[in-house]
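Shown here: input-v6.json, JSON, C-alpha atoms and all ligand atoms.
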[["chain", "number", "residue", "atom", "x", "y", "z"],
["I", 1, "MET", "CA", 230.38, 43.28, 1.75],
["I", 2, "ILE", "CA", 231.43, 42.13, -1.71],
["I", 3, "ALA", "CA", 235.13, 41.48, -2.35],
["I", 4, "LEU", "CA", 236.49, 42.52, -5.74],
["I", 5, "GLY", "CA", 239.76, 41.42, -7.26],
["I", 6, "ALA", "CA", 241.39, 41.25, -10.66],
["I", 7, "ASP", "CA", 244.65, 41.03, -12.51],
["I", 8, "HIS", "CA", 245.47, 43.27, -15.48],
["I", 9, "GLY", "CA", 243.41, 41.08, -17.85],
["I", 10, "GLY", "CA", 240.31, 41.55, -15.72],
["I", 11, "TYR", "CA", 240.92, 45.10, -14.54],
["I", 12, "ALA", "CA", 238.48, 46.79, -16.95],
["I", 13, "ILE", "CA", 235.54, 44.50, -16.16],
["I", 14, "LYS", "CA", 236.33, 44.70, -12.44],
["I", 15, "GLU", "CA", 236.07, 48.49, -12.70],
["I", 16, "ALA", "CA", 232.74, 48.15, -14.54],
["I", 17, "VAL", "CA", 231.42, 45.86, -11.78],
["I", 18, "LYS", "CA", 232.68, 48.32, -9.17],
["I", 19, "ALA", "CA", 230.77, 51.18, -10.85],
["I", 20, "TYR", "CA", 227.63, 48.99, -10.85],
["I", 21, "LEU", "CA", 228.06, 48.27, -7.10],
["I", 22, "GLN", "CA", 228.44, 51.99, -6.44],
["I", 23, "ARG", "CA", 225.28, 52.80, -8.44],
["I", 24, "GLU", "CA", 223.34, 50.12, -6.56],
["I", 25, "GLY", "CA", 224.69, 51.15, -3.16],
["I", 26, "ILE", "CA", 226.09, 47.66, -2.55],
["I", 27, "PRO", "CA", 229.06, 47.75, -0.14],
["I", 28, "TYR", "CA", 232.31, 46.40, -1.58],
["I", 29, "LYS", "CA", 236.01, 46.19, -0.87],
["I", 30, "ASP", "CA", 238.36, 46.45, -3.83],
["I", 31, "PHE", "CA", 241.48, 44.32, -3.34],
["I", 32, "GLY", "CA", 243.05, 45.51, -6.63],
["I", 33, "THR", "CA", 244.71, 45.48, -9.03],
["I", 34, "ASN", "CA", 244.34, 49.14, -9.92],
["I", 35, "SER", "CA", 245.76, 49.39, -13.43],
["I", 36, "GLU", "CA", 246.48, 47.38, -16.55],
["I", 37, "GLU", "CA", 250.09, 46.84, -15.55],
["I", 38, "SER", "CA", 250.93, 43.13, -15.55],
["I", 39, "VAL", "CA", 250.46, 41.40, -12.18],
["I", 40, "ASP", "CA", 250.00, 37.83, -10.91],
["I", 41, "TYR", "CA", 246.37, 36.76, -10.57],
["I", 42, "ALA", "CA", 246.88, 34.33, -7.65],
["I", 43, "ILE", "CA", 247.72, 37.24, -5.34],
["I", 44, "TYR", "CA", 244.32, 38.85, -5.94],
["I", 45, "ALA", "CA", 242.54, 35.49, -5.75],
["I", 46, "ALA", "CA", 244.15, 34.94, -2.33],
["I", 47, "ARG", "CA", 243.16, 38.38, -1.02],
["I", 48, "VAL", "CA", 239.53, 37.94, -2.04],
["I", 49, "ALA", "CA", 239.33, 34.30, -0.92],
["I", 50, "HIS", "CA", 240.80, 35.04, 2.50],
["I", 51, "SER", "CA", 238.40, 37.95, 3.01],
["I", 52, "ILE", "CA", 235.52, 35.53, 2.46],
["I", 53, "VAL", "CA", 236.70, 32.67, 4.66],
["I", 54, "SER", "CA", 237.54, 35.15, 7.43],
["I", 55, "GLY", "CA", 233.98, 36.48, 7.28],
["I", 56, "GLU", "CA", 235.00, 40.01, 6.32],
["I", 57, "CYS", "CA", 233.24, 39.65, 2.97],
["I", 58, "GLU", "CA", 230.20, 37.60, 2.05],
["I", 59, "LYS", "CA", 230.92, 36.92, -1.61],
["I", 60, "GLY", "CA", 233.60, 37.77, -4.14],
["I", 61, "ILE", "CA", 233.99, 38.70, -7.77],
["I", 62, "LEU", "CA", 237.30, 37.87, -9.42],
["I", 63, "CYS", "CA", 238.38, 38.81, -12.92],
["I", 64, "CYS", "CA", 241.37, 37.86, -15.04],
["I", 65, "GLY", "CA", 241.85, 37.39, -18.77],
["I", 66, "THR", "CA", 239.75, 34.24, -18.94],
["I", 67, "GLY", "CA", 238.46, 33.91, -15.37],
["I", 68, "ILE", "CA", 240.16, 30.52, -15.28],
["I", 69, "GLY", "CA", 243.50, 31.08, -13.55],
["I", 70, "ILE", "CA", 242.05, 33.35, -10.90],
["I", 71, "SER", "CA", 239.25, 30.85, -10.15],
["I", 72, "MET", "CA", 241.72, 27.95, -9.97],
["I", 73, "ALA", "CA", 243.76, 29.88, -7.43],
["I", 74, "ALA", "CA", 240.71, 30.91, -5.38],
["I", 75, "ASN", "CA", 239.43, 27.34, -5.31],
["I", 76, "LYS", "CA", 242.63, 26.23, -3.55],
["I", 77, "VAL", "CA", 241.47, 28.14, -0.47],
["I", 78, "LYS", "CA", 239.33, 25.98, 1.79],
["I", 79, "GLY", "CA", 235.73, 27.15, 1.81],
["I", 80, "ILE", "CA", 235.82, 28.82, -1.57],
["I", 81, "ARG", "CA", 233.54, 27.74, -4.38],
["I", 82, "ALA", "CA", 234.53, 29.91, -7.34],
["I", 83, "ALA", "CA", 232.72, 29.50, -10.65],
["I", 84, "VAL", "CA", 233.81, 30.86, -14.01],
["I", 85, "CYS", "CA", 230.74, 32.14, -15.81],
["I", 86, "THR", "CA", 230.33, 33.47, -19.33],
["I", 87, "ASN", "CA", 226.55, 33.62, -19.58],
["I", 88, "GLU", "CA", 223.44, 34.40, -17.56],
["I", 89, "PHE", "CA", 222.34, 30.78, -17.19],
["I", 90, "CYS", "CA", 225.61, 29.72, -15.55],
["I", 91, "ALA", "CA", 225.64, 32.75, -13.23],
["I", 92, "GLU", "CA", 222.15, 31.86, -12.03],
["I", 93, "MET", "CA", 222.72, 28.13, -11.71],
["I", 94, "THR", "CA", 226.02, 28.36, -9.88],
["I", 95, "ARG", "CA", 224.19, 30.24, -7.13],
["I", 96, "ARG", "CA", 221.08, 28.04, -7.16],
["I", 97, "HIS", "CA", 222.86, 24.68, -7.33],
["I", 98, "ASN", "CA", 226.48, 25.20, -6.23],
["I", 99, "ASP", "CA", 226.09, 27.98, -3.67],
["I", 100, "ALA", "CA", 229.12, 29.59, -5.33],
["I", 101, "ASN", "CA", 230.66, 32.26, -3.16],
["I", 102, "VAL", "CA", 232.93, 33.66, -5.87],
["I", 103, "LEU", "CA", 232.02, 34.63, -9.42],
["I", 104, "ALA", "CA", 234.98, 34.55, -11.80],
["I", 105, "MET", "CA", 234.91, 36.24, -15.20],
["I", 106, "GLY", "CA", 237.28, 36.88, -18.08],
["I", 107, "GLY", "CA", 237.93, 40.34, -19.42],
["I", 108, "ARG", "CA", 239.16, 38.82, -22.69],
["I", 109, "VAL", "CA", 236.03, 36.68, -22.96],
["I", 110, "ILE", "CA", 233.07, 38.91, -22.10],
["I", 111, "ASP", "CA", 232.47, 42.65, -22.34],
["I", 112, "GLU", "CA", 231.79, 45.08, -19.50],
["I", 113, "ALA", "CA", 228.01, 45.02, -19.96],
["I", 114, "MET", "CA", 227.93, 41.24, -19.68],
["I", 115, "ALA", "CA", 230.21, 41.33, -16.63],
["I", 116, "VAL", "CA", 227.78, 43.69, -14.90],
["I", 117, "LYS", "CA", 224.81, 41.53, -15.89],
["I", 118, "LEU", "CA", 226.45, 38.37, -14.53],
["I", 119, "ALA", "CA", 227.47, 40.14, -11.31],
["I", 120, "ASP", "CA", 223.88, 41.33, -10.83],
["I", 121, "ILE", "CA", 222.48, 37.82, -11.30],
["I", 122, "PHE", "CA", 225.16, 36.29, -9.07],
["I", 123, "LEU", "CA", 224.53, 38.74, -6.24],
["I", 124, "HIS", "CA", 220.74, 38.45, -6.32],
["I", 125, "THR", "CA", 220.16, 34.72, -6.81],
["I", 126, "PRO", "CA", 219.69, 32.60, -3.66],
["I", 127, "PHE", "CA", 220.87, 29.02, -3.13],
["I", 128, "ASP", "CA", 218.13, 26.43, -3.70],
["I", 129, "GLY", "CA", 219.30, 24.17, -0.85],
["I", 130, "GLY", "CA", 217.63, 20.75, -0.61],
["I", 131, "ARG", "CA", 219.43, 18.08, -2.61],
["I", 132, "HIS", "CA", 221.94, 20.71, -3.72],
["I", 133, "ALA", "CA", 222.98, 21.24, -0.10],
["I", 134, "ARG", "CA", 223.89, 17.53, 0.09],
["I", 135, "ARG", "CA", 226.00, 17.88, -3.07],
["I", 136, "VAL", "CA", 227.74, 21.02, -1.88],
["I", 137, "GLY", "CA", 228.42, 19.14, 1.37],
["I", 138, "GLN", "CA", 230.14, 16.46, -0.70],
["I", 139, "ILE", "CA", 232.42, 19.10, -2.22],
["I", 140, "THR", "CA", 233.30, 20.20, 1.32],
["I", 141, "ALA", "CA", 233.95, 16.58, 2.32],
["I", 142, "LEU", "CA", 236.40, 16.17, -0.57],
["I", 143, "GLU", "CA", 238.09, 19.41, 0.46],
["I", 144, "ASN", "CA", 238.51, 17.92, 3.95],
["I", 145, "GLY", "CA", 240.21, 14.83, 2.55],
["I", 146, "GLU", "CA", 237.20, 12.56, 3.03],
["I", 147, "ASP", "CA", 236.10, 9.98, 0.50],
["I", 148, "LEU", "CA", 232.58, 9.81, -0.91],
["I", 149, "LYS", "CA", 230.60, 6.62, -0.56],
["Z", 201, "LIG", "C1", 247.35, 37.05, -18.00],
["Z", 201, "LIG", "O1", 247.98, 37.27, -19.22],
["Z", 201, "LIG", "C2", 246.40, 35.87, -18.11],
["Z", 201, "LIG", "O2", 247.14, 34.70, -18.18],
["Z", 201, "LIG", "C3", 245.45, 35.85, -16.94],
["Z", 201, "LIG", "O3", 244.74, 37.04, -16.91],
["Z", 201, "LIG", "C4", 244.41, 34.76, -16.95],
["Z", 201, "LIG", "O4", 243.71, 34.72, -18.15],
["Z", 201, "LIG", "C5", 244.86, 33.44, -16.52],
["Z", 201, "LIG", "O5", 244.08, 32.47, -16.43]]
structure tokens encoding of this file:
Amino acid sequence: MIALGADHGGYAIKEAVKAYLQREGIPYKDFGTNSEESVDYAIYAARVAHSIVSGECEKGILCCGTGIGISMAANKVKGIRAAVCTNEFCAEMTRRHNDANVLAMGGRVIDEAMAVKLADIFLHTPFDGGRHARRVGQITALENGEDLK
């Protein structure tokens, strides 16, 4: 299950990603927002992030104006690795190297076609593991208040 969330700035690209998921038959849960009326992005980041750490959803896609605020908020939730991506290379590498579980995008930065392309790459690229697993483990250690030697 893929969790979707957006504020008003990301609403249009979130809808485009939702239509892509429907076409592909990929299960999703849409946590809103459902219009271009102004809302606060942290609320939608929290809904998506909590659905992932609870195990209800496997990955998430969050959209705001830039992708930045909504990713910052999501990354405050333990267990979330949200990456703002604006191009295909970053969408691929954040899965392969960072095991990102949330893709964040900006509706005022990229168009709907690019949002769909990045979502497709993000959802279909596996984690490389190996040395990258050690590095992701270090991110988790920092999150748990540990120091790195
Ligand atoms: C909302 O105007 C805008 O600040 C928000 O969508 C996002 O870009 C924040 O990072």
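With distances restricted to only C-alpha atoms, I:Cys63 is the closest residue to Asp7 of chain I from I:Ala73, I:Val53, I:Cys63, I:Met105.
You will find atom CA of His8 of chain I at 10.9 Å from atom O5 of ligand LIG 201 (chain Z).
Proximity ranking of I:Asp30, I:Glu37, I:Glu15, I:Glu58 relative to ligand LIG 201 (chain Z) places I:Glu37 first, based on only C-alpha atoms and all ligand atoms.
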Once 5 Å is added on each side, what centre and edge lengths in Å to one decimal does the axis-aligned box around all listed atoms of ligand LIG 201 (chain Z) have, as JSON?
{"center_x": 245.8, "center_y": 34.9, "center_z": -17.8, "size_x": 14.3, "size_y": 14.8, "size_z": 12.8}
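Residues of protein, DNA or RNA having any atom at most 10 Å from ligand LIG 201 (chain Z), counting all atoms listed in the file, are Ala6, Asp7, His8, Gly9, Gly10, Tyr11, Ser38, Val39, Asp40, Tyr41, Ala42, Cys63, Cys64, Gly65, Thr66, Gly67, Ile68, Gly69, Ile70, Ser71, Met72, Ala73, Met105, Gly106, Gly107, Arg108 and Val109 of chain I.
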Pairwise distance, atom CA of Phe122 of chain I with atom CA of Glu36 of chain I, equals 25.2 Å
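Shortest separation to Gly25 of chain I among I:Ala119, I:Met1, I:Ala113, I:Ile61 occurs at residue I:Met1, atoms counted being all atoms listed in the file.
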May I ask you to restore all heavy atoms in segment 15-26 of chain I and write the result as a PDB file, in the coordinates of the input?
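Written out: rebuild.pdb:
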ATOM      1  N   GLU I  15     236.455  47.081 -12.886  1.00  0.00           N
ATOM      2  CA  GLU I  15     236.070  48.490 -12.700  1.00  0.00           C
ATOM      3  C   GLU I  15     234.606  48.708 -13.077  1.00  0.00           C
ATOM      4  O   GLU I  15     233.899  49.490 -12.430  1.00  0.00           O
ATOM      5  CB  GLU I  15     236.982  49.403 -13.516  1.00  0.00           C
ATOM      6  CG  GLU I  15     238.407  49.464 -12.986  1.00  0.00           C
ATOM      7  CD  GLU I  15     238.483  49.982 -11.548  1.00  0.00           C
ATOM      8  OE1 GLU I  15     238.054  51.122 -11.292  1.00  0.00           O
ATOM      9  OE2 GLU I  15     238.984  49.228 -10.685  1.00  0.00           O
ATOM     10  N   ALA I  16     234.156  48.025 -14.134  1.00  0.00           N
ATOM     11  CA  ALA I  16     232.740  48.150 -14.540  1.00  0.00           C
ATOM     12  C   ALA I  16     231.824  47.580 -13.462  1.00  0.00           C
ATOM     13  O   ALA I  16     230.784  48.165 -13.147  1.00  0.00           O
ATOM     14  CB  ALA I  16     232.514  47.425 -15.871  1.00  0.00           C
ATOM     15  N   VAL I  17     232.220  46.450 -12.868  1.00  0.00           N
ATOM     16  CA  VAL I  17     231.420  45.860 -11.780  1.00  0.00           C
ATOM     17  C   VAL I  17     231.441  46.789 -10.566  1.00  0.00           C
ATOM     18  O   VAL I  17     230.420  46.983  -9.899  1.00  0.00           O
ATOM     19  CB  VAL I  17     231.947  44.447 -11.427  1.00  0.00           C
ATOM     20  CG1 VAL I  17     231.304  43.926 -10.152  1.00  0.00           C
ATOM     21  CG2 VAL I  17     231.698  43.481 -12.584  1.00  0.00           C
ATOM     22  N   LYS I  18     232.579  47.395 -10.311  1.00  0.00           N
ATOM     23  CA  LYS I  18     232.680  48.320  -9.170  1.00  0.00           C
ATOM     24  C   LYS I  18     231.734  49.517  -9.363  1.00  0.00           C
ATOM     25  O   LYS I  18     231.037  49.920  -8.418  1.00  0.00           O
ATOM     26  CB  LYS I  18     234.131  48.808  -9.026  1.00  0.00           C
ATOM     27  CG  LYS I  18     234.355  49.670  -7.812  1.00  0.00           C
ATOM     28  CD  LYS I  18     235.820  49.766  -7.446  1.00  0.00           C
ATOM     29  CE  LYS I  18     236.578  50.701  -8.341  1.00  0.00           C
ATOM     30  NZ  LYS I  18     237.984  50.837  -7.909  1.00  0.00           N
ATOM     31  N   ALA I  19     231.677  50.052 -10.572  1.00  0.00           N
ATOM     32  CA  ALA I  19     230.770  51.180 -10.850  1.00  0.00           C
ATOM     33  C   ALA I  19     229.317  50.750 -10.649  1.00  0.00           C
ATOM     34  O   ALA I  19     228.495  51.516 -10.108  1.00  0.00           O
ATOM     35  CB  ALA I  19     230.989  51.689 -12.277  1.00  0.00           C
ATOM     36  N   TYR I  20     228.992  49.536 -11.057  1.00  0.00           N
ATOM     37  CA  TYR I  20     227.630  48.990 -10.850  1.00  0.00           C
ATOM     38  C   TYR I  20     227.334  48.901  -9.339  1.00  0.00           C
ATOM     39  O   TYR I  20     226.245  49.292  -8.890  1.00  0.00           O
ATOM     40  CB  TYR I  20     227.526  47.623 -11.535  1.00  0.00           C
ATOM     41  CG  TYR I  20     226.581  46.657 -10.879  1.00  0.00           C
ATOM     42  CD1 TYR I  20     225.194  46.757 -11.065  1.00  0.00           C
ATOM     43  CD2 TYR I  20     227.059  45.638 -10.053  1.00  0.00           C
ATOM     44  CE1 TYR I  20     224.325  45.864 -10.441  1.00  0.00           C
ATOM     45  CE2 TYR I  20     226.204  44.752  -9.425  1.00  0.00           C
ATOM     46  CZ  TYR I  20     224.839  44.874  -9.621  1.00  0.00           C
ATOM     47  OH  TYR I  20     223.981  44.007  -8.987  1.00  0.00           O
ATOM     48  N   LEU I  21     228.274  48.392  -8.558  1.00  0.00           N
ATOM     49  CA  LEU I  21     228.060  48.270  -7.100  1.00  0.00           C
ATOM     50  C   LEU I  21     227.844  49.643  -6.477  1.00  0.00           C
ATOM     51  O   LEU I  21     226.987  49.810  -5.598  1.00  0.00           O
ATOM     52  CB  LEU I  21     229.240  47.547  -6.445  1.00  0.00           C
ATOM     53  CG  LEU I  21     229.460  46.082  -6.861  1.00  0.00           C
ATOM     54  CD1 LEU I  21     230.757  45.544  -6.259  1.00  0.00           C
ATOM     55  CD2 LEU I  21     228.291  45.193  -6.449  1.00  0.00           C
ATOM     56  N   GLN I  22     228.598  50.611  -6.954  1.00  0.00           N
ATOM     57  CA  GLN I  22     228.440  51.990  -6.440  1.00  0.00           C
ATOM     58  C   GLN I  22     227.051  52.523  -6.770  1.00  0.00           C
ATOM     59  O   GLN I  22     226.381  53.082  -5.916  1.00  0.00           O
ATOM     60  CB  GLN I  22     229.523  52.901  -7.046  1.00  0.00           C
ATOM     61  CG  GLN I  22     230.897  52.685  -6.419  1.00  0.00           C
ATOM     62  CD  GLN I  22     232.024  53.345  -7.205  1.00  0.00           C
ATOM     63  OE1 GLN I  22     231.825  53.868  -8.305  1.00  0.00           O
ATOM     64  NE2 GLN I  22     233.229  53.291  -6.659  1.00  0.00           N
ATOM     65  N   ARG I  23     226.627  52.329  -8.009  1.00  0.00           N
ATOM     66  CA  ARG I  23     225.280  52.800  -8.440  1.00  0.00           C
ATOM     67  C   ARG I  23     224.185  52.164  -7.606  1.00  0.00           C
ATOM     68  O   ARG I  23     223.202  52.811  -7.247  1.00  0.00           O
ATOM     69  CB  ARG I  23     225.031  52.420  -9.911  1.00  0.00           C
ATOM     70  CG  ARG I  23     225.715  53.269 -10.931  1.00  0.00           C
ATOM     71  CD  ARG I  23     225.093  53.087 -12.316  1.00  0.00           C
ATOM     72  NE  ARG I  23     225.144  51.733 -12.839  1.00  0.00           N
ATOM     73  CZ  ARG I  23     226.185  51.168 -13.454  1.00  0.00           C
ATOM     74  NH1 ARG I  23     227.298  51.872 -13.604  1.00  0.00           N
ATOM     75  NH2 ARG I  23     226.137  49.938 -13.914  1.00  0.00           N
ATOM     76  N   GLU I  24     224.369  50.872  -7.288  1.00  0.00           N
ATOM     77  CA  GLU I  24     223.340  50.120  -6.560  1.00  0.00           C
ATOM     78  C   GLU I  24     223.444  50.313  -5.047  1.00  0.00           C
ATOM     79  O   GLU I  24     222.602  49.810  -4.306  1.00  0.00           O
ATOM     80  CB  GLU I  24     223.485  48.622  -6.871  1.00  0.00           C
ATOM     81  CG  GLU I  24     223.219  48.256  -8.320  1.00  0.00           C
ATOM     82  CD  GLU I  24     221.761  48.436  -8.722  1.00  0.00           C
ATOM     83  OE1 GLU I  24     220.888  47.976  -7.976  1.00  0.00           O
ATOM     84  OE2 GLU I  24     221.512  49.062  -9.770  1.00  0.00           O
ATOM     85  N   GLY I  25     224.490  50.967  -4.603  1.00  0.00           N
ATOM     86  CA  GLY I  25     224.690  51.150  -3.160  1.00  0.00           C
ATOM     87  C   GLY I  25     225.025  49.857  -2.449  1.00  0.00           C
ATOM     88  O   GLY I  25     224.719  49.680  -1.261  1.00  0.00           O
ATOM     89  N   ILE I  26     225.679  48.950  -3.150  1.00  0.00           N
ATOM     90  CA  ILE I  26     226.090  47.660  -2.550  1.00  0.00           C
ATOM     91  C   ILE I  26     227.510  47.833  -2.009  1.00  0.00           C
ATOM     92  O   ILE I  26     228.425  48.188  -2.765  1.00  0.00           O
ATOM     93  CB  ILE I  26     226.036  46.529  -3.603  1.00  0.00           C
ATOM     94  CG1 ILE I  26     224.598  46.346  -4.121  1.00  0.00           C
ATOM     95  CG2 ILE I  26     226.579  45.219  -3.023  1.00  0.00           C
ATOM     96  CD1 ILE I  26     224.464  45.391  -5.301  1.00  0.00           C
TER      97      ILE I  26
END
